[in-house]
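One structure is given below, encoded as structure tokens.
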Amino acid sequence: MVIFLAALATWILPAGKYVTLSYQDNNHFILSSPGKETQLALTQKTLDSLHIQIRLEKFIQGDIRKPVSVPGTYQQLRSQKQGFLDVIKAPLKGITDSIEIILFLFLIGGFINIFYTSGAMEQGLIYLSAKMKGKEAWLIIILGFLFSFAGSSFGMAEEALVFYPVLVPLFLAAGYDLLVPVAVIFGGTQLGYISSFVNPFSTIIASNAAGVNWTDGLYGRLLMFAISTAIFIWYVVRYAQKIKNNPDLSLVLRFDGFVKPPYPTGTNIGKTTQSPDRKSVILLLMFLFTFLILIGGVIFLKWWFLEMSALFLAASILMAFVQRMNEKTFIEKFIQGAESMLGVAFIIGVARGVTIVLNEGNVTDTILYYASSAVSQMPDSIFIVSLLIIFMIFTLFISSTSGMAVVTMPILGSLAIVAGVPGREIVNSYLFGMGIMGLITPTGLVLPSLALVNISLKTWFRFIWPLMIILFIVCALFLIIGIRI
């Protein structure tokens, strides 16, 4: 439907394009206008003369990978209306155009499934639960951090659903209510999307679509991870301790009444103190080091999707070797993991088709032109906060982080240049908006998560909305400070 609306826009809006500037490896810029290309010197003076507010080293270091629209050069062109056949072909072109990202997602899906098959994660969690018996506040702190880290680093989402049978009995035995495990598991992973310092499903895809290097703003997102996670843990621990001291204050009791626990409280989970076996420890360390190598490779060795995909393929094979997994089982589990990413892959391809229709209809720059005209007199602080709100609204309709990224970032990434806002802050506004609103959007994982503990959306909303307001204020201030640096 969105592709159809994009095609309809090519019949309504005038066609037009900006002159663009792109960096060439042979040490010069290419200035491209309709039917003409001109070589320009690779100097900061060239950028200044074109009123492009980007430092020269951003091009040379690869932070800016896509052609940049030159401000003030928009010109109307002959209409290129997109018809029915163009609409049908657009998703297929989008898949072809996104093949590196899609392959990367398939391989990371296979890697994660090979890891989960080992049971190392469950062993580590059960051991931790037993060791923290009687110190459940610290358990909330540790697990809240780990789930938030999982959301920020590799986009844990549906995988977290398997932990409810493990944690619900433990938290109930500690005197907490059913909101606490939802807050720790679902709230923690969803909160991680706000900072997403290395999440391949959001930050890397969005930055790539916006034409900026995902490491631009990495340290700021790490800071946001520390701040937002600390606020989140404080909020959950504060509620949990209040319920432990006075069970009558439970929001579950207030709105849902006496809810029967969905899992038997007489479980042995949390009672065994047996340490994870040596194989599980090795696999846990391998899992951690894979992501550390990923970060180091991208930052120091300039890796991109091909190299990152190769890393996860190699790590999958090594994990299978440590598990002594035979070839047939390895292929079966790896393909199952890749299959779990098929929906995301199609979303990326179809969503990229929107941009293809707009570009081939020559209306993308027209949208940018009118949008930049609308915000040209708007203070940049108001602009970036307004963008945060827009992404929060969009999340109610598009819950997929990768889908949202490839639909919006190509347009807004160019708009950031025109509006004089750093591209990293456009990506951050997307992360913050989706992260905050994802806590309640019905098209996300909140409903399955609540169903696992038999509590209502009303109860969850009453619990989470004060935290959402706090996070919105923090994120808005972070964005305003970010455009000043």
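Naming scheme: A, B, ... for chains in displayed order of the structure tokens; residues 1 onward per chain; ligands 1 onward as shown.
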
Requested in this report: Based on DSSP run over this structure's backbone, return all residues of region 300-463 of chain A in alpha helix (DSSP H), as number ranges by chain.
Outcome: A: 300-301, 305-322, 327-339, 342-360, 364-375, 380-395, 401-419, 423-437, 446-451, 457-463

Quick one: write out the picked residues with C-alpha atoms as a short mmCIF file (atom, residue, chain, number, x, y, z; two decimals), in the first residue's frame?
```
data_model
loop_
_atom_site.label_atom_id
_atom_site.label_comp_id
_atom_site.auth_asym_id
_atom_site.auth_seq_id
_atom_site.Cartn_x
_atom_site.Cartn_y
_atom_site.Cartn_z
CA PHE A 300 39.44 -0.31 13.04
CA LEU A 301 39.41 -2.46 9.90
CA PHE A 305 28.36 -6.21 5.33
CA LEU A 306 30.48 -8.78 3.48
CA GLU A 307 33.09 -8.97 6.23
CA MET A 308 30.47 -8.94 9.00
CA SER A 309 28.55 -11.75 7.28
CA ALA A 310 31.75 -13.79 7.01
CA LEU A 311 32.36 -13.30 10.74
CA PHE A 312 28.97 -14.75 11.71
CA LEU A 313 29.36 -17.64 9.29
CA ALA A 314 32.76 -18.51 10.78
CA ALA A 315 31.46 -18.11 14.34
CA SER A 316 28.51 -20.40 13.58
CA ILE A 317 30.82 -23.14 12.29
CA LEU A 318 33.11 -22.80 15.33
CA MET A 319 30.14 -23.02 17.72
CA ALA A 320 28.88 -26.13 15.92
CA PHE A 321 32.38 -27.62 16.24
CA VAL A 322 32.48 -26.92 20.00
CA GLU A 327 26.68 -31.74 9.53
CA LYS A 328 22.99 -32.58 9.12
CA THR A 329 22.00 -31.03 12.46
CA PHE A 330 24.13 -27.95 11.81
CA ILE A 331 22.52 -27.29 8.44
CA GLU A 332 19.04 -27.87 9.88
CA LYS A 333 19.53 -25.49 12.83
CA PHE A 334 21.34 -22.87 10.77
CA ILE A 335 18.59 -22.81 8.14
CA GLN A 336 15.94 -22.59 10.87
CA GLY A 337 17.69 -19.48 12.18
CA ALA A 338 17.93 -18.01 8.71
CA GLU A 339 14.23 -18.75 8.16
CA LEU A 342 12.93 -14.26 6.15
CA GLY A 343 10.08 -11.96 7.17
CA VAL A 344 12.53 -9.20 8.08
CA ALA A 345 14.35 -9.71 4.78
CA PHE A 346 11.15 -9.33 2.76
CA ILE A 347 10.18 -6.26 4.78
CA ILE A 348 13.52 -4.66 3.96
CA GLY A 349 13.18 -5.44 0.24
CA VAL A 350 9.56 -4.30 0.00
CA ALA A 351 10.25 -1.16 2.03
CA ARG A 352 13.25 -0.31 -0.15
CA GLY A 353 10.82 -0.55 -3.07
CA VAL A 354 9.14 2.62 -1.75
CA THR A 355 12.36 4.57 -2.19
CA ILE A 356 12.91 3.04 -5.64
CA VAL A 357 9.47 4.20 -6.84
CA LEU A 358 10.03 7.71 -5.44
CA ASN A 359 13.51 7.91 -6.97
CA GLU A 360 12.52 6.60 -10.40
CA THR A 364 12.10 12.09 -3.71
CA ASP A 365 13.93 15.37 -4.06
CA THR A 366 10.61 17.17 -4.50
CA ILE A 367 9.54 15.89 -1.08
CA LEU A 368 12.88 16.97 0.34
CA TYR A 369 12.51 20.37 -1.25
CA TYR A 370 9.09 21.07 0.24
CA ALA A 371 10.08 19.56 3.59
CA SER A 372 13.26 21.62 3.78
CA SER A 373 11.28 24.72 2.88
CA ALA A 374 8.87 23.97 5.72
CA VAL A 375 11.66 23.60 8.30
CA ASP A 380 17.05 23.01 14.70
CA SER A 381 16.17 22.06 18.28
CA ILE A 382 12.45 22.14 17.53
CA PHE A 383 13.07 20.29 14.26
CA ILE A 384 14.92 17.37 15.85
CA VAL A 385 12.40 16.99 18.70
CA SER A 386 9.54 17.12 16.18
CA LEU A 387 11.24 14.34 14.27
CA LEU A 388 11.39 12.27 17.46
CA ILE A 389 7.61 12.67 17.85
CA ILE A 390 7.03 11.77 14.20
CA PHE A 391 8.95 8.51 14.62
CA MET A 392 6.95 7.71 17.74
CA ILE A 393 3.74 8.09 15.72
CA PHE A 394 5.11 6.05 12.80
CA THR A 395 5.94 3.21 15.21
CA THR A 401 12.87 -1.37 13.08
CA SER A 402 14.51 -2.45 9.84
CA GLY A 403 11.35 -1.72 7.84
CA MET A 404 11.07 1.76 9.35
CA ALA A 405 14.74 2.41 8.64
CA VAL A 406 14.70 1.67 4.93
CA VAL A 407 11.40 3.50 4.39
CA THR A 408 12.38 6.75 6.09
CA MET A 409 16.16 7.07 6.29
CA PRO A 410 16.99 7.66 2.61
CA ILE A 411 14.70 10.70 2.63
CA LEU A 412 15.43 11.99 6.11
CA GLY A 413 19.15 11.36 5.76
CA SER A 414 19.22 13.80 2.86
CA LEU A 415 16.91 16.17 4.72
CA ALA A 416 19.40 16.24 7.60
CA ILE A 417 22.02 17.69 5.26
CA VAL A 418 19.62 20.29 3.93
CA ALA A 419 18.40 21.20 7.42
CA GLY A 423 22.95 12.58 10.14
CA ARG A 424 23.73 10.69 13.34
CA GLU A 425 21.02 12.67 15.15
CA ILE A 426 18.47 11.72 12.48
CA VAL A 427 19.36 8.08 13.15
CA ASN A 428 19.18 8.73 16.91
CA SER A 429 15.73 10.32 16.64
CA TYR A 430 14.60 7.17 14.81
CA LEU A 431 16.11 4.91 17.49
CA PHE A 432 14.69 6.94 20.36
CA GLY A 433 11.22 7.25 18.84
CA MET A 434 10.89 3.54 18.03
CA GLY A 435 12.44 2.52 21.34
CA ILE A 436 10.05 4.57 23.45
CA MET A 437 6.83 3.86 21.56
CA VAL A 446 3.95 -6.26 24.11
CA LEU A 447 0.77 -8.31 23.62
CA PRO A 448 2.53 -11.72 23.37
CA SER A 449 4.64 -10.79 26.40
CA LEU A 450 1.61 -9.85 28.50
CA ALA A 451 -0.22 -13.00 27.38
CA LEU A 457 -2.42 -4.04 28.45
CA LYS A 458 -4.14 -1.54 30.76
CA THR A 459 -2.03 -2.74 33.70
CA TRP A 460 1.16 -2.53 31.66
CA PHE A 461 0.32 0.93 30.34
CA ARG A 462 -0.35 2.23 33.84
CA PHE A 463 3.04 0.89 34.90
#
```

Could you list, with a cut-off of 9 Å and counting only C-alpha atoms, the residues of region 205-250 of chain A near region 173-197 of chain A, each shown with its nearest atom pair and the distance in Å rounded to one decimal, rows sorted by chain and ascending number, as a Markdown table?
```
| residue | atom | partner | partner_atom | distance |
| --- | --- | --- | --- | --- |
| A:Trp214 | CA | A:Phe197 | CA | 8.5 |
| A:Thr215 | CA | A:Phe197 | CA | 8.3 |
| A:Gly217 | CA | A:Phe197 | CA | 8.6 |
| A:Leu218 | CA | A:Phe197 | CA | 5.9 |
| A:Tyr219 | CA | A:Phe197 | CA | 8.1 |
| A:Gly220 | CA | A:Phe197 | CA | 8.6 |
| A:Arg221 | CA | A:Ser195 | CA | 5.1 |
| A:Leu222 | CA | A:Phe197 | CA | 6.1 |
| A:Leu223 | CA | A:Ser195 | CA | 8.3 |
| A:Met224 | CA | A:Ser195 | CA | 5.6 |
| A:Phe225 | CA | A:Ser195 | CA | 5.0 |
| A:Ala226 | CA | A:Ser195 | CA | 8.7 |
| A:Ser228 | CA | A:Leu191 | CA | 7.7 |
| A:Thr229 | CA | A:Leu191 | CA | 7.4 |
| A:Phe232 | CA | A:Leu191 | CA | 7.9 |
| A:Ile233 | CA | A:Val184 | CA | 8.4 |
| A:Val236 | CA | A:Ala183 | CA | 6.9 |
| A:Val237 | CA | A:Val180 | CA | 8.7 |
| A:Tyr239 | CA | A:Val180 | CA | 8.3 |
| A:Ala240 | CA | A:Tyr176 | CA | 5.9 |
| A:Gln241 | CA | A:Tyr176 | CA | 7.8 |
| A:Lys242 | CA | A:Tyr176 | CA | 9.0 |
| A:Ile243 | CA | A:Tyr176 | CA | 6.0 |
| A:Lys244 | CA | A:Gly175 | CA | 5.2 |
| A:Asn245 | CA | A:Gly175 | CA | 8.5 |
| A:Pro247 | CA | A:Tyr176 | CA | 7.8 |
| A:Ser250 | CA | A:Asp177 | CA | 6.7 |
```

Writer output for current selection, N, CA and C atoms, as a compact mmCIF listing (two decimals), in the first residue's frame:
```txt
# COMPACT_ATOMS: atom_id res chain seq x y z
N TRP A 214 27.66 3.94 10.62
CA TRP A 214 26.96 3.67 11.88
C TRP A 214 27.81 3.96 13.10
N THR A 215 29.14 4.03 12.94
CA THR A 215 30.00 4.35 14.08
C THR A 215 29.96 5.84 14.42
N GLY A 217 28.56 8.62 16.06
CA GLY A 217 27.62 8.71 17.17
C GLY A 217 27.66 7.50 18.09
N LEU A 218 28.62 6.58 17.86
CA LEU A 218 28.69 5.36 18.66
C LEU A 218 28.89 5.66 20.14
N TYR A 219 29.81 6.58 20.45
CA TYR A 219 30.09 6.88 21.85
C TYR A 219 28.90 7.55 22.52
N GLY A 220 28.18 8.37 21.77
CA GLY A 220 26.98 8.98 22.32
C GLY A 220 25.92 7.94 22.63
N ARG A 221 25.79 6.93 21.77
CA ARG A 221 24.79 5.88 22.01
C ARG A 221 25.20 5.00 23.19
N LEU A 222 26.50 4.79 23.36
CA LEU A 222 26.96 4.06 24.53
C LEU A 222 26.62 4.84 25.81
N LEU A 223 26.76 6.16 25.75
CA LEU A 223 26.37 6.99 26.88
C LEU A 223 24.87 6.89 27.13
N MET A 224 24.09 6.94 26.05
CA MET A 224 22.64 6.81 26.19
C MET A 224 22.28 5.43 26.75
N PHE A 225 23.03 4.39 26.36
CA PHE A 225 22.79 3.06 26.91
C PHE A 225 22.96 3.07 28.42
N ALA A 226 24.03 3.69 28.89
CA ALA A 226 24.28 3.74 30.33
C ALA A 226 23.19 4.53 31.06
N SER A 228 19.99 5.47 29.98
CA SER A 228 18.64 4.91 29.87
C SER A 228 18.50 3.61 30.66
N THR A 229 19.54 2.77 30.63
CA THR A 229 19.48 1.51 31.38
C THR A 229 19.46 1.78 32.87
N PHE A 232 15.98 2.96 33.74
CA PHE A 232 15.06 1.82 33.64
C PHE A 232 15.18 0.90 34.86
N ILE A 233 16.40 0.54 35.21
CA ILE A 233 16.62 -0.36 36.34
C ILE A 233 16.13 0.29 37.64
N VAL A 236 12.27 0.05 37.71
CA VAL A 236 11.75 -1.29 37.97
C VAL A 236 12.04 -1.72 39.41
N VAL A 237 13.26 -1.49 39.88
CA VAL A 237 13.62 -1.88 41.24
C VAL A 237 12.75 -1.13 42.25
N TYR A 239 9.69 0.00 41.87
CA TYR A 239 8.36 -0.61 41.89
C TYR A 239 8.40 -1.99 42.57
N ALA A 240 9.39 -2.80 42.23
CA ALA A 240 9.48 -4.16 42.76
C ALA A 240 9.64 -4.15 44.28
N GLN A 241 10.47 -3.28 44.81
CA GLN A 241 10.66 -3.21 46.26
C GLN A 241 9.40 -2.71 46.96
N LYS A 242 8.68 -1.80 46.30
CA LYS A 242 7.43 -1.30 46.88
C LYS A 242 6.42 -2.44 47.00
N ILE A 243 6.34 -3.28 45.98
CA ILE A 243 5.41 -4.41 45.99
C ILE A 243 5.84 -5.45 47.02
N LYS A 244 7.12 -5.66 47.14
CA LYS A 244 7.64 -6.64 48.10
C LYS A 244 7.28 -6.21 49.53
N ASN A 245 7.36 -4.90 49.79
CA ASN A 245 7.05 -4.38 51.12
C ASN A 245 5.55 -4.32 51.39
N PRO A 247 2.28 -5.82 49.24
CA PRO A 247 1.67 -6.44 48.05
C PRO A 247 0.36 -5.80 47.62
N SER A 250 0.23 -3.55 44.40
CA SER A 250 0.47 -4.13 43.08
C SER A 250 -0.53 -3.59 42.06
```

**Report entry** Atom-to-atom span, CA of Ala150 (chain A) and CA of Pro262 (chain A), Å
**Finding:** 25.3 Å

Requested in this report: In Å, rounded to a single decimal, give me how far CA of Ile464 (chain A) is from CA of Phe255 (chain A).
Outcome: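 These atoms are spaced 14.1 Å apart.
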
**Report entry** Distance of CA of Leu396 (chain A) from CA of Trp11 (chain A), expressed in Å to one decimal place
**Finding:**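 Between these atoms lies a distance of 27.8 Å.
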